[in-house]
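S.K.: This is the structure I have questions about; it appears just below.
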Amino acid sequence: MEKILSSLNIKQREAVSASDGPVLILAGAGSGKTRVLTTRIAYLIREKKIKPWNILAMTFTNKAAAEMKARVEDMVGSGTGLWVGTFHSTFAKILRTEALSFGFNPGFGIYDVDDQIRLIKTIMGDLHVPPDQFAPKSIAAVISKNKNSLIVPQQYQQTAGNPFEEAVAQVYPEYQHRLRINQVFDFDDLITVPIRLFHEYPAVLEKYRTRFSYVLVDEYQDTNRAQYELVHLLAYTHRNLCVVGDDDQSIYGWRGADIRNILDFEKDFPDTRTFRLEQNYRSTRNILKAAASVVEKNVGRKGKTLWCDGPEGEKIGLIEAYDDREEAARVVERIQSEIIRHKRAFKDFAVLYRTNAQSRALEDALRRAGMSYVIVGGLRFYERKEVKDVLAYLRVITNPNDTVSLKRIINFPVRGIGDVTLGRIERHALLNGERLFDALGDADAISEMTEKPRKSVLAFYRMIQKYQDLVDKITPNELAHTLVDEIGILNLYKHDATFEDAGRLENIRELLNAIREYAETAEDPSLAGFLEQVALVTDIDTWNDQSNAVTLMTLHTAKGLEFPVVYIPGLEEGLFPVMRSMDSTESVEEERRLFYVGLTRAKEKIYLLWANNRYHYGEYSYRMPSRFIKEVDPSVLDILTPEKYEPKETVRPPSRSRVLTEPDVHPDYESLSQDIPELQKGMQVLHSSFGKGEIIRIEGRGPNRKISVRFSGGRVKKFIAQYAKFEIC
DNA sequence: CGGATTTAACTTTTT
DNA sequence: GTTAAATCCG
């Protein structure tokens, strides 16, 4: 332990050894925050003899939690019963354990945003709230915001003023009611329901207070009101609460995060000991200078000055491009020159953008240059339509009360149960006061139904029942494979080689793989366990930072990560800061903090880019450079004009730039493409189901290149070359 | 009742 | 440029 402590600086050591009572650690970017947290936990266990199972540490991503746990175990050994997890996974676990005593089903499901919106649409239909007037999505957002601020439906109803708020006031209570009926929780419930239960059942609260006598919270600046309340409930008696955060990195205000939580911590606990970690171990002095010059434009911050004794480093490169395509080409070109000049590998680079939509142009440019890249985030794997379809089956099997999932699959794949039949069954269920699922079994008793749907409904009902019976008899892996086989979902996507279909097929196989992997590695594998993991896992959690590829992600996702070289494209008014933030000082300040987060991800070099024109909503628009560019201290900016582009290093075809890349990431295109007929733009082809068409576009190279074909009638379809079933004519 | 084709609407960031 | 909802036809 002595040895571990001596590797920390004085401030860090003080923060680690202040073990009891309320502690606030204001940790600037790159100041060794994770190191302090993990060492602190190890210190509690080794020096203070605190039992590991009496410590609860909460983070915002599973990846951060896993990393923290691994690092602590390195110091104190594994299998200690230490609790490290996200807020959501921690309280999902507690809810699961306590469900029965609260009258909940321990097999409850978890609704994501898509499920929430489906449910809200149904409710709006039932309550005759016109969905064309009020967007279900907006209503969902307001409900979520209320829940995070701990405002219950009754309270909200009293404040509703305009027609939109009236609509929310109608939907909100019914939404809560139906979640209960369906025996599911949404994300917000995982935080708010435990609060309610702790209030209503003091004995249970007492149990967890005793159990978690030391509580640590990471990224405290991103907690919302509900999370704040929960943390305070747990720490109220023992007051051994340590929170770590950086008000300059608060970027989740739009999700209900309340920056006051960290700003007022010392008011909440007057005997707080506060530690400031201001020595930065990550970035060069120039990068810190740039970051500081930007963030100091914000008012209402705690105020920190990061310093480091490292090298000055290179200046920040600023590049102006004609449009988004050229911007992407410049990124590629600059990656190439960095590789030559500094012998860097692909994994040293990250491109961090404001919106997911920006990834497309970058992706195209990287692919054309033959560079390996990986996109983190965007549409999450488990949110893809075909994946959610299969998951919906598994959800109904574990929780037949889940009507959102039931309605999703009752006629998918199509089995002849349309809207009319479903309506009849729903009415029957309502009249008899039974669950929709049980009403399926009564199909014979519903007189208005005709013979064909009746048979379909009963067959579907018996199939689900069969799997419900199998849940405890076979492994989740076997069950999922058998199920996918029986519903024949793979066949739906097997027929044609369109790009979408091949992707869907691949995704379902990937899902089956995930289930198999889960069944092999989990301590106590169960279908419900898998579904919970799926609901709470994000892309960043599964991102493999070891593979050698350029990383593309949003600035939000990048929080907590670091890269030698960082590119921030799209620095334009209306994109960054984003249009909707520009009317309030507060939200522009949040955008500015986001820019600060981006700048402080870089260890050695930053490139800022903007384009005069950008393709958006299907058309070009003129752009002005972002105000944030002007806020960067001009003395650290290096304006890279076209003359400085080093023309010899501009984008070249992959075959000539072999020195730039590693052999294993560069497939031998020529040998790979030999077994596929030579397809070219303008060729006439004949497809087995779409008929005659003309190739209008070819993207990429090799067997996975995408072929766009326009068929007679003007329909355009995209195919993957190696699966495409057409003849050249 | 299902399937196919056409139309509309939309993109801020996510546990 | 993508996906869901609406409409029409067999």
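Each chain of the structure tokens is named A, B, ... in the order shown, its residues numbered from 1; ligands are numbered from 1 in display order.
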Could you give me, as a PDB file with all heavy atoms, in the first residue's frame, the residues within 12 Å of DA4 in chain B, counting only C-alpha atoms (C1' of nucleotides) and dropping anything in the same chain fewer than 2 positions from it?
M.R.:
```pdb
ATOM      1  P    DG B   2     -53.347 -10.465 -41.383  1.00  0.00           P
ATOM      2  OP1  DG B   2     -52.805 -11.587 -40.614  1.00  0.00           O
ATOM      3  OP2  DG B   2     -53.449  -9.135 -40.789  1.00  0.00           O
ATOM      4  O5'  DG B   2     -52.524 -10.359 -42.742  1.00  0.00           O
ATOM      5  C5'  DG B   2     -52.532 -11.479 -43.613  1.00  0.00           C
ATOM      6  C4'  DG B   2     -51.788 -11.141 -44.880  1.00  0.00           C
ATOM      7  O4'  DG B   2     -52.544 -10.198 -45.654  1.00  0.00           O
ATOM      8  C3'  DG B   2     -50.408 -10.520 -44.661  1.00  0.00           C
ATOM      9  O3'  DG B   2     -49.484 -11.236 -45.456  1.00  0.00           O
ATOM     10  C2'  DG B   2     -50.567  -9.068 -45.077  1.00  0.00           C
ATOM     11  C1'  DG B   2     -51.732  -9.113 -46.053  1.00  0.00           C
ATOM     12  N9   DG B   2     -52.596  -7.932 -46.039  1.00  0.00           N
ATOM     13  C8   DG B   2     -53.149  -7.335 -44.933  1.00  0.00           C
ATOM     14  N7   DG B   2     -53.906  -6.307 -45.232  1.00  0.00           N
ATOM     15  C5   DG B   2     -53.844  -6.236 -46.625  1.00  0.00           C
ATOM     16  C6   DG B   2     -54.461  -5.323 -47.515  1.00  0.00           C
ATOM     17  O6   DG B   2     -55.207  -4.388 -47.253  1.00  0.00           O
ATOM     18  N1   DG B   2     -54.133  -5.606 -48.835  1.00  0.00           N
ATOM     19  C2   DG B   2     -53.317  -6.631 -49.250  1.00  0.00           C
ATOM     20  N2   DG B   2     -53.122  -6.739 -50.556  1.00  0.00           N
ATOM     21  N3   DG B   2     -52.740  -7.497 -48.422  1.00  0.00           N
ATOM     22  C4   DG B   2     -53.039  -7.231 -47.124  1.00  0.00           C
ATOM     23  P    DT B   6     -44.365   2.888 -56.279  1.00  0.00           P
ATOM     24  OP1  DT B   6     -44.680   3.250 -57.661  1.00  0.00           O
ATOM     25  OP2  DT B   6     -42.962   2.622 -55.874  1.00  0.00           O
ATOM     26  O5'  DT B   6     -44.969   3.998 -55.312  1.00  0.00           O
ATOM     27  C5'  DT B   6     -46.375   4.239 -55.292  1.00  0.00           C
ATOM     28  C4'  DT B   6     -46.730   5.165 -54.139  1.00  0.00           C
ATOM     29  O4'  DT B   6     -46.435   4.524 -52.883  1.00  0.00           O
ATOM     30  C3'  DT B   6     -45.953   6.486 -54.144  1.00  0.00           C
ATOM     31  O3'  DT B   6     -46.872   7.558 -54.030  1.00  0.00           O
ATOM     32  C2'  DT B   6     -45.039   6.384 -52.927  1.00  0.00           C
ATOM     33  C1'  DT B   6     -45.845   5.462 -52.012  1.00  0.00           C
ATOM     34  N1   DT B   6     -45.029   4.713 -51.014  1.00  0.00           N
ATOM     35  C2   DT B   6     -45.327   4.850 -49.669  1.00  0.00           C
ATOM     36  O2   DT B   6     -46.212   5.561 -49.255  1.00  0.00           O
ATOM     37  N3   DT B   6     -44.547   4.107 -48.834  1.00  0.00           N
ATOM     38  C4   DT B   6     -43.510   3.257 -49.194  1.00  0.00           C
ATOM     39  O4   DT B   6     -42.874   2.636 -48.349  1.00  0.00           O
ATOM     40  C5   DT B   6     -43.244   3.167 -50.604  1.00  0.00           C
ATOM     41  C7   DT B   6     -42.138   2.294 -51.110  1.00  0.00           C
ATOM     42  C6   DT B   6     -44.014   3.888 -51.446  1.00  0.00           C
TER      43       DT B   6
ATOM     44  P    DT C   7     -54.109   7.781 -45.411  1.00  0.00           P
ATOM     45  OP1  DT C   7     -54.634   9.139 -45.620  1.00  0.00           O
ATOM     46  OP2  DT C   7     -54.769   6.863 -44.455  1.00  0.00           O
ATOM     47  O5'  DT C   7     -54.027   7.048 -46.821  1.00  0.00           O
ATOM     48  C5'  DT C   7     -53.028   7.444 -47.773  1.00  0.00           C
ATOM     49  C4'  DT C   7     -52.918   6.390 -48.855  1.00  0.00           C
ATOM     50  O4'  DT C   7     -52.080   5.303 -48.392  1.00  0.00           O
ATOM     51  C3'  DT C   7     -54.258   5.753 -49.247  1.00  0.00           C
ATOM     52  O3'  DT C   7     -54.462   5.911 -50.649  1.00  0.00           O
ATOM     53  C2'  DT C   7     -54.104   4.286 -48.875  1.00  0.00           C
ATOM     54  C1'  DT C   7     -52.599   4.096 -48.901  1.00  0.00           C
ATOM     55  N1   DT C   7     -52.096   2.996 -48.038  1.00  0.00           N
ATOM     56  C2   DT C   7     -51.244   2.059 -48.586  1.00  0.00           C
ATOM     57  O2   DT C   7     -50.888   2.092 -49.748  1.00  0.00           O
ATOM     58  N3   DT C   7     -50.830   1.084 -47.718  1.00  0.00           N
ATOM     59  C4   DT C   7     -51.175   0.954 -46.381  1.00  0.00           C
ATOM     60  O4   DT C   7     -50.739   0.035 -45.717  1.00  0.00           O
ATOM     61  C5   DT C   7     -52.064   1.960 -45.879  1.00  0.00           C
ATOM     62  C7   DT C   7     -52.508   1.909 -44.449  1.00  0.00           C
ATOM     63  C6   DT C   7     -52.484   2.926 -46.709  1.00  0.00           C
ATOM     64  P    DC C   8     -55.882   5.594 -51.260  1.00  0.00           P
ATOM     65  OP1  DC C   8     -56.295   6.778 -52.035  1.00  0.00           O
ATOM     66  OP2  DC C   8     -56.781   5.023 -50.236  1.00  0.00           O
ATOM     67  O5'  DC C   8     -55.481   4.429 -52.275  1.00  0.00           O
ATOM     68  C5'  DC C   8     -54.221   4.468 -52.960  1.00  0.00           C
ATOM     69  C4'  DC C   8     -53.844   3.066 -53.403  1.00  0.00           C
ATOM     70  O4'  DC C   8     -53.380   2.307 -52.266  1.00  0.00           O
ATOM     71  C3'  DC C   8     -55.004   2.267 -54.018  1.00  0.00           C
ATOM     72  O3'  DC C   8     -54.568   1.676 -55.234  1.00  0.00           O
ATOM     73  C2'  DC C   8     -55.313   1.215 -52.964  1.00  0.00           C
ATOM     74  C1'  DC C   8     -53.945   1.011 -52.320  1.00  0.00           C
ATOM     75  N1   DC C   8     -53.986   0.473 -50.933  1.00  0.00           N
ATOM     76  C2   DC C   8     -53.152  -0.595 -50.587  1.00  0.00           C
ATOM     77  O2   DC C   8     -52.394  -1.063 -51.444  1.00  0.00           O
ATOM     78  N3   DC C   8     -53.196  -1.088 -49.323  1.00  0.00           N
ATOM     79  C4   DC C   8     -54.026  -0.550 -48.431  1.00  0.00           C
ATOM     80  N4   DC C   8     -54.016  -1.067 -47.204  1.00  0.00           N
ATOM     81  C5   DC C   8     -54.883   0.534 -48.752  1.00  0.00           C
ATOM     82  C6   DC C   8     -54.838   1.012 -50.004  1.00  0.00           C
ATOM     83  P    DC C   9     -55.665   1.237 -56.292  1.00  0.00           P
ATOM     84  OP1  DC C   9     -55.361   1.999 -57.507  1.00  0.00           O
ATOM     85  OP2  DC C   9     -57.021   1.283 -55.695  1.00  0.00           O
ATOM     86  O5'  DC C   9     -55.287  -0.286 -56.552  1.00  0.00           O
ATOM     87  C5'  DC C   9     -53.907  -0.664 -56.667  1.00  0.00           C
ATOM     88  C4'  DC C   9     -53.747  -2.112 -56.258  1.00  0.00           C
ATOM     89  O4'  DC C   9     -53.837  -2.225 -54.822  1.00  0.00           O
ATOM     90  C3'  DC C   9     -54.824  -3.047 -56.840  1.00  0.00           C
ATOM     91  O3'  DC C   9     -54.176  -4.153 -57.442  1.00  0.00           O
ATOM     92  C2'  DC C   9     -55.637  -3.467 -55.626  1.00  0.00           C
ATOM     93  C1'  DC C   9     -54.599  -3.377 -54.515  1.00  0.00           C
ATOM     94  N1   DC C   9     -55.148  -3.208 -53.144  1.00  0.00           N
ATOM     95  C2   DC C   9     -54.663  -4.033 -52.116  1.00  0.00           C
ATOM     96  O2   DC C   9     -53.805  -4.874 -52.368  1.00  0.00           O
ATOM     97  N3   DC C   9     -55.160  -3.871 -50.860  1.00  0.00           N
ATOM     98  C4   DC C   9     -56.086  -2.947 -50.620  1.00  0.00           C
ATOM     99  N4   DC C   9     -56.536  -2.827 -49.373  1.00  0.00           N
ATOM    100  C5   DC C   9     -56.597  -2.101 -51.651  1.00  0.00           C
ATOM    101  C6   DC C   9     -56.108  -2.270 -52.883  1.00  0.00           C
ATOM    102  P    DG C  10     -54.974  -5.008 -58.508  1.00  0.00           P
ATOM    103  OP1  DG C  10     -54.200  -4.856 -59.752  1.00  0.00           O
ATOM    104  OP2  DG C  10     -56.408  -4.672 -58.453  1.00  0.00           O
ATOM    105  O5'  DG C  10     -54.806  -6.503 -57.994  1.00  0.00           O
ATOM    106  C5'  DG C  10     -53.524  -6.995 -57.600  1.00  0.00           C
ATOM    107  C4'  DG C  10     -53.713  -8.122 -56.614  1.00  0.00           C
ATOM    108  O4'  DG C  10     -54.187  -7.571 -55.361  1.00  0.00           O
ATOM    109  C3'  DG C  10     -54.750  -9.155 -57.060  1.00  0.00           C
ATOM    110  O3'  DG C  10     -54.203 -10.456 -56.920  1.00  0.00           O
ATOM    111  C2'  DG C  10     -55.921  -8.954 -56.116  1.00  0.00           C
ATOM    112  C1'  DG C  10     -55.242  -8.382 -54.873  1.00  0.00           C
ATOM    113  N9   DG C  10     -56.093  -7.553 -54.028  1.00  0.00           N
ATOM    114  C8   DG C  10     -56.938  -6.543 -54.427  1.00  0.00           C
ATOM    115  N7   DG C  10     -57.569  -5.970 -53.435  1.00  0.00           N
ATOM    116  C5   DG C  10     -57.109  -6.648 -52.313  1.00  0.00           C
ATOM    117  C6   DG C  10     -57.432  -6.475 -50.958  1.00  0.00           C
ATOM    118  O6   DG C  10     -58.207  -5.664 -50.448  1.00  0.00           O
ATOM    119  N1   DG C  10     -56.738  -7.374 -50.147  1.00  0.00           N
ATOM    120  C2   DG C  10     -55.854  -8.307 -50.599  1.00  0.00           C
ATOM    121  N2   DG C  10     -55.285  -9.083 -49.679  1.00  0.00           N
ATOM    122  N3   DG C  10     -55.544  -8.484 -51.869  1.00  0.00           N
ATOM    123  C4   DG C  10     -56.201  -7.622 -52.672  1.00  0.00           C
TER     124       DG C  10
END
```
S.K.: Compile the residues of chain A that lie within 7 Å of chain B, evaluated using only C-alpha atoms (C1' of nucleotides), and express the compilation as number ranges by chain.
M.R.: A: 88, 355, 418, 556
S.K.: Would you mind listing, for every residue of chain C within 12 Å of chain A, the two atoms forming the shortest contact and the distance between them in Å to one decimal, using only C-alpha atoms (C1' of nucleotides), sorted by chain and ascending residue number, as a tab-separated table?
M.R.:
```
residue	atom	partner	partner_atom	distance
C:DG1	C1'	A:Gly618	CA	6.7
C:DT2	C1'	A:Tyr617	CA	10.7
C:DT3	C1'	A:Lys385	CA	10.5
C:DA4	C1'	A:Lys385	CA	11.7
C:DA5	C1'	A:Asp132	CA	11.3
```
S.K.: Mind dumping the selected residues with N, CA, C and O atoms (P, O5', C5', C4', C3', O3' and C1' of nucleotides) as a tab-separated table (two decimals), in the first residue's frame?
M.R.:
```tsv
chain	number	residue	atom	x	y	z
C	1	DG	P	-27.63	9.28	-50.49
C	1	DG	O5'	-27.51	9.66	-49.03
C	1	DG	C5'	-27.25	9.50	-47.75
C	1	DG	C4'	-28.41	9.08	-46.95
C	1	DG	C3'	-29.17	7.85	-47.44
C	1	DG	O3'	-29.31	6.96	-46.34
C	1	DG	C1'	-30.69	9.57	-46.99
C	2	DT	P	-29.67	5.47	-46.45
C	2	DT	O5'	-29.71	5.00	-44.90
C	2	DT	C5'	-29.80	5.98	-43.88
C	2	DT	C4'	-31.21	6.00	-43.30
C	2	DT	C3'	-32.02	4.70	-43.46
C	2	DT	O3'	-32.22	4.14	-42.18
C	2	DT	C1'	-33.35	6.62	-43.85
C	3	DT	P	-32.86	2.68	-42.02
C	3	DT	O5'	-34.24	2.97	-41.28
C	3	DT	C5'	-34.31	3.94	-40.25
C	3	DT	C4'	-35.76	4.32	-40.02
C	3	DT	C3'	-36.72	3.12	-40.08
C	3	DT	O3'	-37.61	3.17	-38.99
C	3	DT	C1'	-37.44	4.78	-41.58
C	4	DA	P	-38.46	1.88	-38.58
C	4	DA	O5'	-39.87	2.50	-38.22
C	4	DA	C5'	-39.93	3.76	-37.56
C	4	DA	C4'	-41.11	4.56	-38.09
C	4	DA	C3'	-42.44	3.80	-38.05
C	4	DA	O3'	-43.40	4.59	-37.36
C	4	DA	C1'	-42.06	4.71	-40.22
C	5	DA	P	-44.81	3.98	-36.97
C	5	DA	O5'	-45.80	4.69	-37.99
C	5	DA	C5'	-45.86	6.10	-38.05
C	5	DA	C4'	-46.59	6.53	-39.30
C	5	DA	C3'	-48.02	5.98	-39.43
C	5	DA	O3'	-48.88	7.07	-39.73
C	5	DA	C1'	-46.79	5.55	-41.41
```
S.K.: Let's see if you can do this: from backbone DSSP, list all alpha helix (DSSP H) residues in range 76-259 of chain A, as a count of residues only.
M.R.: 99
S.K.: Report the distance between CA of Asn613 in chain A and CA of Ile568 in chain A in Å, rounded to one decimal place.
M.R.: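 CA of Asn613 in chain A sits 16.4 Å away from CA of Ile568 in chain A.
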S.K.: Suppose you want the space between CA of Met553 in chain A and CA of Ala611 in chain A; what is it in Å?
M.R.: 18.9 Å
